[in-house]
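Okay, query_10.txt now, which holds compact mmCIF, N, CA, C and O atoms:
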# COMPACT_ATOMS: atom_id res chain seq x y z
N MET A 5 -8.02 -41.26 -5.41
CA MET A 5 -7.82 -39.87 -5.80
C MET A 5 -9.16 -39.22 -6.12
O MET A 5 -9.37 -38.06 -5.81
N LEU A 6 -10.08 -39.97 -6.71
CA LEU A 6 -11.37 -39.41 -7.06
C LEU A 6 -12.17 -39.04 -5.82
O LEU A 6 -12.82 -38.00 -5.79
N LYS A 7 -12.07 -39.86 -4.77
CA LYS A 7 -12.78 -39.55 -3.53
C LYS A 7 -12.25 -38.28 -2.89
O LYS A 7 -13.00 -37.47 -2.38
N LYS A 8 -10.92 -38.10 -2.92
CA LYS A 8 -10.32 -36.91 -2.34
C LYS A 8 -10.73 -35.67 -3.13
O LYS A 8 -11.04 -34.64 -2.55
N ARG A 9 -10.75 -35.77 -4.43
CA ARG A 9 -11.16 -34.64 -5.28
C ARG A 9 -12.62 -34.30 -5.04
O ARG A 9 -12.98 -33.13 -4.97
N THR A 10 -13.47 -35.32 -4.89
CA THR A 10 -14.89 -35.09 -4.63
C THR A 10 -15.08 -34.44 -3.27
O THR A 10 -15.90 -33.54 -3.12
N LEU A 11 -14.31 -34.87 -2.26
CA LEU A 11 -14.41 -34.29 -0.94
C LEU A 11 -13.96 -32.82 -0.96
O LEU A 11 -14.60 -31.97 -0.35
N ASN A 12 -12.88 -32.53 -1.66
CA ASN A 12 -12.41 -31.15 -1.77
C ASN A 12 -13.45 -30.27 -2.46
O ASN A 12 -13.67 -29.13 -2.05
N ARG A 13 -14.07 -30.79 -3.50
CA ARG A 13 -15.10 -30.04 -4.20
C ARG A 13 -16.30 -29.79 -3.29
O ARG A 13 -16.84 -28.69 -3.26
N PHE A 14 -16.69 -30.80 -2.52
CA PHE A 14 -17.79 -30.65 -1.59
C PHE A 14 -17.47 -29.58 -0.54
O PHE A 14 -18.32 -28.75 -0.21
N LEU A 15 -16.25 -29.60 0.00
CA LEU A 15 -15.87 -28.60 0.99
C LEU A 15 -15.91 -27.20 0.42
O LEU A 15 -16.36 -26.26 1.08
N LEU A 16 -15.44 -27.03 -0.80
CA LEU A 16 -15.46 -25.72 -1.44
C LEU A 16 -16.88 -25.22 -1.62
O LEU A 16 -17.22 -24.10 -1.25
N TYR A 17 -17.74 -26.06 -2.18
CA TYR A 17 -19.12 -25.64 -2.43
C TYR A 17 -19.89 -25.45 -1.14
O TYR A 17 -20.74 -24.54 -1.05
N ALA A 18 -19.64 -26.25 -0.13
CA ALA A 18 -20.31 -26.07 1.16
C ALA A 18 -19.88 -24.75 1.81
O ALA A 18 -20.70 -24.04 2.38
N HIS A 19 -18.61 -24.43 1.69
CA HIS A 19 -18.09 -23.18 2.25
C HIS A 19 -18.71 -21.98 1.55
O HIS A 19 -19.15 -21.03 2.22
N ILE A 20 -18.73 -22.00 0.24
CA ILE A 20 -19.33 -20.90 -0.52
C ILE A 20 -20.83 -20.81 -0.22
O ILE A 20 -21.36 -19.70 -0.05
N GLY A 21 -21.50 -21.94 -0.12
CA GLY A 21 -22.92 -21.94 0.20
C GLY A 21 -23.19 -21.35 1.57
O GLY A 21 -24.15 -20.59 1.76
N PHE A 22 -22.35 -21.66 2.55
CA PHE A 22 -22.53 -21.12 3.88
C PHE A 22 -22.30 -19.62 3.90
O PHE A 22 -22.99 -18.89 4.61
N ILE A 23 -21.34 -19.14 3.12
CA ILE A 23 -21.11 -17.69 3.03
C ILE A 23 -22.34 -17.01 2.44
O ILE A 23 -22.78 -15.96 2.93
N ILE A 24 -22.93 -17.60 1.40
CA ILE A 24 -24.13 -17.01 0.80
C ILE A 24 -25.29 -17.00 1.79
O ILE A 24 -26.02 -16.00 1.90
N ILE A 25 -25.46 -18.07 2.54
CA ILE A 25 -26.51 -18.12 3.56
C ILE A 25 -26.26 -17.07 4.64
O ILE A 25 -27.19 -16.38 5.08
N LEU A 26 -25.03 -16.92 5.05
CA LEU A 26 -24.69 -15.93 6.07
C LEU A 26 -24.94 -14.51 5.59
O LEU A 26 -25.47 -13.67 6.33
N ILE A 27 -24.62 -14.22 4.35
CA ILE A 27 -24.89 -12.90 3.78
C ILE A 27 -26.39 -12.67 3.69
O ILE A 27 -26.89 -11.58 4.01
N GLY A 28 -27.14 -13.68 3.28
CA GLY A 28 -28.60 -13.56 3.22
C GLY A 28 -29.20 -13.30 4.59
O GLY A 28 -30.13 -12.50 4.73
N TYR A 29 -28.67 -13.96 5.60
CA TYR A 29 -29.13 -13.73 6.97
C TYR A 29 -28.87 -12.29 7.39
O TYR A 29 -29.72 -11.64 8.01
N GLY A 30 -27.71 -11.77 7.05
CA GLY A 30 -27.38 -10.38 7.38
C GLY A 30 -28.26 -9.39 6.65
O GLY A 30 -28.70 -8.39 7.23
N ILE A 31 -28.55 -9.66 5.38
CA ILE A 31 -29.45 -8.78 4.62
C ILE A 31 -30.84 -8.80 5.23
O ILE A 31 -31.48 -7.74 5.37
N ASN A 32 -31.32 -9.97 5.61
CA ASN A 32 -32.63 -10.09 6.23
C ASN A 32 -32.69 -9.30 7.54
O ASN A 32 -33.66 -8.59 7.79
N ASP A 33 -31.68 -9.45 8.38
CA ASP A 33 -31.67 -8.71 9.64
C ASP A 33 -31.58 -7.21 9.40
O ASP A 33 -32.22 -6.42 10.09
N TYR A 34 -30.78 -6.80 8.44
CA TYR A 34 -30.61 -5.37 8.16
C TYR A 34 -31.93 -4.76 7.66
O TYR A 34 -32.32 -3.68 8.10
N LEU A 35 -32.61 -5.45 6.76
CA LEU A 35 -33.85 -4.92 6.22
C LEU A 35 -34.99 -4.94 7.24
O LEU A 35 -35.93 -4.15 7.14
N SER A 36 -34.92 -5.83 8.23
CA SER A 36 -35.96 -5.87 9.25
C SER A 36 -35.69 -4.88 10.38
O SER A 36 -36.50 -4.77 11.30
N GLY A 37 -34.59 -4.18 10.33
CA GLY A 37 -34.30 -3.16 11.32
C GLY A 37 -33.47 -3.62 12.50
O GLY A 37 -33.17 -2.83 13.39
N LYS A 38 -33.09 -4.87 12.53
CA LYS A 38 -32.25 -5.38 13.63
C LYS A 38 -30.81 -4.94 13.38
O LYS A 38 -30.37 -4.82 12.24
N SER A 39 -30.08 -4.73 14.45
CA SER A 39 -28.67 -4.38 14.28
C SER A 39 -27.85 -5.65 14.10
O SER A 39 -28.15 -6.69 14.69
N LEU A 40 -26.85 -5.56 13.27
CA LEU A 40 -25.98 -6.71 13.04
C LEU A 40 -24.95 -6.77 14.16
O LEU A 40 -24.21 -5.83 14.39
N SER A 41 -24.92 -7.89 14.85
CA SER A 41 -24.05 -8.03 16.01
C SER A 41 -22.60 -8.27 15.59
O SER A 41 -22.30 -8.54 14.43
N GLY A 42 -21.75 -8.20 16.59
CA GLY A 42 -20.33 -8.47 16.35
C GLY A 42 -20.07 -9.91 15.97
O GLY A 42 -19.12 -10.21 15.24
N GLU A 43 -20.92 -10.81 16.45
CA GLU A 43 -20.76 -12.23 16.09
C GLU A 43 -20.98 -12.44 14.60
O GLU A 43 -20.29 -13.24 13.97
N TYR A 44 -21.95 -11.73 14.03
CA TYR A 44 -22.21 -11.84 12.60
C TYR A 44 -20.98 -11.39 11.81
O TYR A 44 -20.54 -12.09 10.89
N TRP A 45 -20.44 -10.23 12.16
CA TRP A 45 -19.28 -9.71 11.42
C TRP A 45 -18.06 -10.61 11.62
O TRP A 45 -17.29 -10.81 10.67
N ALA A 46 -17.89 -11.15 12.81
CA ALA A 46 -16.75 -12.04 13.06
C ALA A 46 -16.87 -13.32 12.22
O ALA A 46 -15.88 -13.76 11.62
N MET A 47 -18.06 -13.90 12.16
CA MET A 47 -18.24 -15.10 11.35
C MET A 47 -18.01 -14.81 9.87
O MET A 47 -17.39 -15.61 9.16
N LEU A 48 -18.49 -13.67 9.41
CA LEU A 48 -18.31 -13.32 8.00
C LEU A 48 -16.83 -13.13 7.67
O LEU A 48 -16.34 -13.63 6.66
N ILE A 49 -16.11 -12.45 8.55
CA ILE A 49 -14.67 -12.23 8.33
C ILE A 49 -13.91 -13.56 8.37
O ILE A 49 -13.02 -13.80 7.54
N ILE A 50 -14.25 -14.42 9.31
CA ILE A 50 -13.57 -15.72 9.42
C ILE A 50 -13.80 -16.56 8.17
O ILE A 50 -12.87 -17.15 7.61
N PHE A 51 -15.05 -16.61 7.69
CA PHE A 51 -15.32 -17.43 6.52
C PHE A 51 -14.70 -16.86 5.25
O PHE A 51 -14.25 -17.62 4.39
N PHE A 52 -14.66 -15.53 5.12
CA PHE A 52 -13.96 -14.97 3.97
C PHE A 52 -12.45 -15.17 4.10
O PHE A 52 -11.76 -15.34 3.10
N GLY A 53 -11.94 -15.16 5.31
CA GLY A 53 -10.52 -15.41 5.52
C GLY A 53 -10.11 -16.84 5.23
O GLY A 53 -8.99 -17.10 4.80
N MET A 54 -11.01 -17.78 5.47
CA MET A 54 -10.71 -19.19 5.20
C MET A 54 -10.88 -19.56 3.72
O MET A 54 -10.38 -20.59 3.28
N LEU A 55 -11.58 -18.74 2.96
CA LEU A 55 -11.88 -19.06 1.57
C LEU A 55 -10.64 -19.28 0.70
O LEU A 55 -10.60 -20.24 -0.08
N PRO A 56 -9.58 -18.45 0.79
CA PRO A 56 -8.39 -18.73 -0.04
C PRO A 56 -7.76 -20.08 0.25
O PRO A 56 -7.29 -20.76 -0.66
N GLY A 57 -7.75 -20.49 1.52
CA GLY A 57 -7.19 -21.80 1.86
C GLY A 57 -8.02 -22.94 1.29
O GLY A 57 -7.48 -23.94 0.81
N ILE A 58 -9.33 -22.79 1.32
CA ILE A 58 -10.21 -23.81 0.75
C ILE A 58 -10.03 -23.87 -0.76
O ILE A 58 -9.98 -24.96 -1.34
N CYS A 59 -9.90 -22.71 -1.40
CA CYS A 59 -9.69 -22.69 -2.85
C CYS A 59 -8.34 -23.32 -3.21
O CYS A 59 -8.24 -24.04 -4.20
N LEU A 60 -7.32 -23.05 -2.42
CA LEU A 60 -6.01 -23.65 -2.66
C LEU A 60 -6.06 -25.16 -2.49
O LEU A 60 -5.46 -25.90 -3.26
N LEU A 61 -6.80 -25.61 -1.49
CA LEU A 61 -6.97 -27.05 -1.27
C LEU A 61 -7.64 -27.70 -2.48
O LEU A 61 -7.29 -28.80 -2.88
N TYR A 62 -8.61 -27.00 -3.06
CA TYR A 62 -9.34 -27.54 -4.20
C TYR A 62 -8.48 -27.56 -5.47
O TYR A 62 -8.52 -28.51 -6.24
N THR A 63 -7.68 -26.52 -5.68
CA THR A 63 -6.94 -26.42 -6.94
C THR A 63 -5.56 -27.06 -6.91
O THR A 63 -4.98 -27.31 -7.97
N SER A 64 -5.02 -27.35 -5.73
CA SER A 64 -3.69 -27.92 -5.69
C SER A 64 -3.72 -29.39 -6.12
O SER A 64 -4.62 -30.13 -5.77
N PRO A 65 -2.72 -29.77 -6.90
CA PRO A 65 -2.68 -31.19 -7.31
C PRO A 65 -2.29 -32.06 -6.12
O PRO A 65 -1.49 -31.71 -5.28
N SER A 66 -2.93 -33.21 -6.05
CA SER A 66 -2.62 -34.12 -4.94
C SER A 66 -1.34 -34.89 -5.24
O SER A 66 -1.08 -35.27 -6.38
N PRO A 67 -0.52 -35.13 -4.21
CA PRO A 67 0.72 -35.90 -4.42
C PRO A 67 0.39 -37.36 -4.71
O PRO A 67 -0.57 -37.91 -4.23
N ARG A 68 1.20 -37.97 -5.52
CA ARG A 68 0.97 -39.37 -5.90
C ARG A 68 1.68 -40.31 -5.02
O ARG A 68 2.56 -40.20 -4.39

Go through the file and emit its structure as structure tokens.
Amino acid sequence: MLKKRTLNRFLLYAHIGFIIILIGYGINDYLSGKSLSGEYWAMLIIFFGMLPGICLLYTSPSPR
């Protein structure tokens, strides 16, 4: 059970970390004058859309 909980925690923090990196990449491109492509917005929407499922996975009690 401890390994599963640790894996869930790792997935949650990795997901949040990737969202922060993606937002930083977008801010960098925006400030440098580059246009933000559709791929950037699609990735951002997908990762924000997956976040509730990852949070539910982390907070749900595991069956015994």

(Q) Just want the 7 Å neighbourhood of Arg13 in chain A, counted on only N, CA, C and O atoms, with same-chain residues fewer than 6 positions away dropped. Output as an NGL selection string. (A) :A and (7 or 19 or 62)

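Atom O of Met54 in chain A sits 14.4 Å away from CA of Ile24 in chain A.
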
(Q) If DSSP is run on the backbone, what residues of chain A are alpha helix (DSSP H)? A reply as a count of residues only would be ideal. (A) 52

Q.
Let me make sure I understand: among A:Ile23, A:Leu60, A:Leu11, A:Tyr17, which one has the smallest atom-to-atom distance to Met47 in chain A if we use only N, CA, C and O atoms?
A. A:Ile23

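Computed from the coordinates, the atom C of Asn32 in chain A to atom N of Gly53 in chain A distance equals 21.7 Å.
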
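Residues lying within 12 Å of Leu61 in chain A, counting only C-alpha atoms and ignoring same-chain neighbours fewer than 5 positions away, are Lys8, Arg9, Thr10, Leu11, Asn12, Arg13, Phe14, Leu15, Leu16, Met54, Leu55, Pro56 and Ser66 of chain A.
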
Would you mind writing range 55-66 of chain A with all heavy atoms, as a tab-separated table (two decimals), in the frame of the given file?
chain	number	residue	atom	x	y	z
A	55	LEU	N	-11.58	-18.74	2.96
A	55	LEU	CA	-11.88	-19.06	1.57
A	55	LEU	C	-10.64	-19.28	0.70
A	55	LEU	O	-10.60	-20.24	-0.08
A	55	LEU	CB	-12.79	-17.99	0.97
A	55	LEU	CG	-13.38	-18.30	-0.39
A	55	LEU	CD1	-14.20	-19.58	-0.35
A	55	LEU	CD2	-14.25	-17.14	-0.86
A	56	PRO	N	-9.58	-18.45	0.79
A	56	PRO	CA	-8.39	-18.73	-0.04
A	56	PRO	C	-7.76	-20.08	0.25
A	56	PRO	O	-7.29	-20.76	-0.66
A	56	PRO	CB	-7.44	-17.59	0.30
A	56	PRO	CG	-8.30	-16.49	0.78
A	56	PRO	CD	-9.45	-17.15	1.47
A	57	GLY	N	-7.75	-20.49	1.52
A	57	GLY	CA	-7.19	-21.80	1.86
A	57	GLY	C	-8.02	-22.94	1.29
A	57	GLY	O	-7.48	-23.94	0.81
A	58	ILE	N	-9.33	-22.79	1.32
A	58	ILE	CA	-10.21	-23.81	0.75
A	58	ILE	C	-10.03	-23.87	-0.76
A	58	ILE	O	-9.98	-24.96	-1.34
A	58	ILE	CB	-11.68	-23.51	1.12
A	58	ILE	CG1	-11.89	-23.55	2.63
A	58	ILE	CG2	-12.62	-24.46	0.42
A	58	ILE	CD1	-11.82	-24.92	3.25
A	59	CYS	N	-9.90	-22.71	-1.40
A	59	CYS	CA	-9.69	-22.69	-2.85
A	59	CYS	C	-8.34	-23.32	-3.21
A	59	CYS	O	-8.24	-24.04	-4.20
A	59	CYS	CB	-9.75	-21.26	-3.38
A	59	CYS	SG	-11.39	-20.56	-3.36
A	60	LEU	N	-7.32	-23.05	-2.42
A	60	LEU	CA	-6.01	-23.65	-2.66
A	60	LEU	C	-6.06	-25.16	-2.49
A	60	LEU	O	-5.46	-25.90	-3.26
A	60	LEU	CB	-4.97	-23.04	-1.71
A	60	LEU	CG	-3.53	-23.51	-1.90
A	60	LEU	CD1	-3.01	-23.08	-3.26
A	60	LEU	CD2	-2.66	-22.97	-0.80
A	61	LEU	N	-6.80	-25.61	-1.49
A	61	LEU	CA	-6.97	-27.05	-1.27
A	61	LEU	C	-7.64	-27.70	-2.48
A	61	LEU	O	-7.29	-28.80	-2.88
A	61	LEU	CB	-7.80	-27.29	-0.01
A	61	LEU	CG	-8.13	-28.72	0.37
A	61	LEU	CD1	-6.87	-29.42	0.81
A	61	LEU	CD2	-9.18	-28.74	1.46
A	62	TYR	N	-8.61	-27.00	-3.06
A	62	TYR	CA	-9.34	-27.54	-4.20
A	62	TYR	C	-8.48	-27.56	-5.47
A	62	TYR	O	-8.52	-28.51	-6.24
A	62	TYR	CB	-10.60	-26.71	-4.45
A	62	TYR	CG	-11.36	-27.13	-5.67
A	62	TYR	CD1	-12.03	-28.36	-5.71
A	62	TYR	CD2	-11.43	-26.32	-6.79
A	62	TYR	CE1	-12.73	-28.76	-6.83
A	62	TYR	CE2	-12.12	-26.70	-7.91
A	62	TYR	CZ	-12.78	-27.92	-7.93
A	62	TYR	OH	-13.46	-28.31	-9.03
A	63	THR	N	-7.68	-26.52	-5.68
A	63	THR	CA	-6.94	-26.42	-6.94
A	63	THR	C	-5.56	-27.06	-6.91
A	63	THR	O	-4.98	-27.31	-7.97
A	63	THR	CB	-6.75	-24.94	-7.33
A	63	THR	OG1	-6.06	-24.26	-6.29
A	63	THR	CG2	-8.09	-24.27	-7.59
A	64	SER	N	-5.02	-27.35	-5.73
A	64	SER	CA	-3.69	-27.92	-5.69
A	64	SER	C	-3.72	-29.39	-6.12
A	64	SER	O	-4.62	-30.13	-5.77
A	64	SER	CB	-3.10	-27.81	-4.27
A	64	SER	OG	-3.84	-28.62	-3.39
A	65	PRO	N	-2.72	-29.77	-6.90
A	65	PRO	CA	-2.68	-31.19	-7.31
A	65	PRO	C	-2.29	-32.06	-6.12
A	65	PRO	O	-1.49	-31.71	-5.28
A	65	PRO	CB	-1.57	-31.21	-8.38
A	65	PRO	CG	-0.74	-30.04	-8.08
A	65	PRO	CD	-1.63	-29.00	-7.44
A	66	SER	N	-2.93	-33.21	-6.05
A	66	SER	CA	-2.62	-34.12	-4.94
A	66	SER	C	-1.34	-34.89	-5.24
A	66	SER	O	-1.08	-35.27	-6.38
A	66	SER	CB	-3.79	-35.09	-4.73
A	66	SER	OG	-4.00	-35.85	-5.90
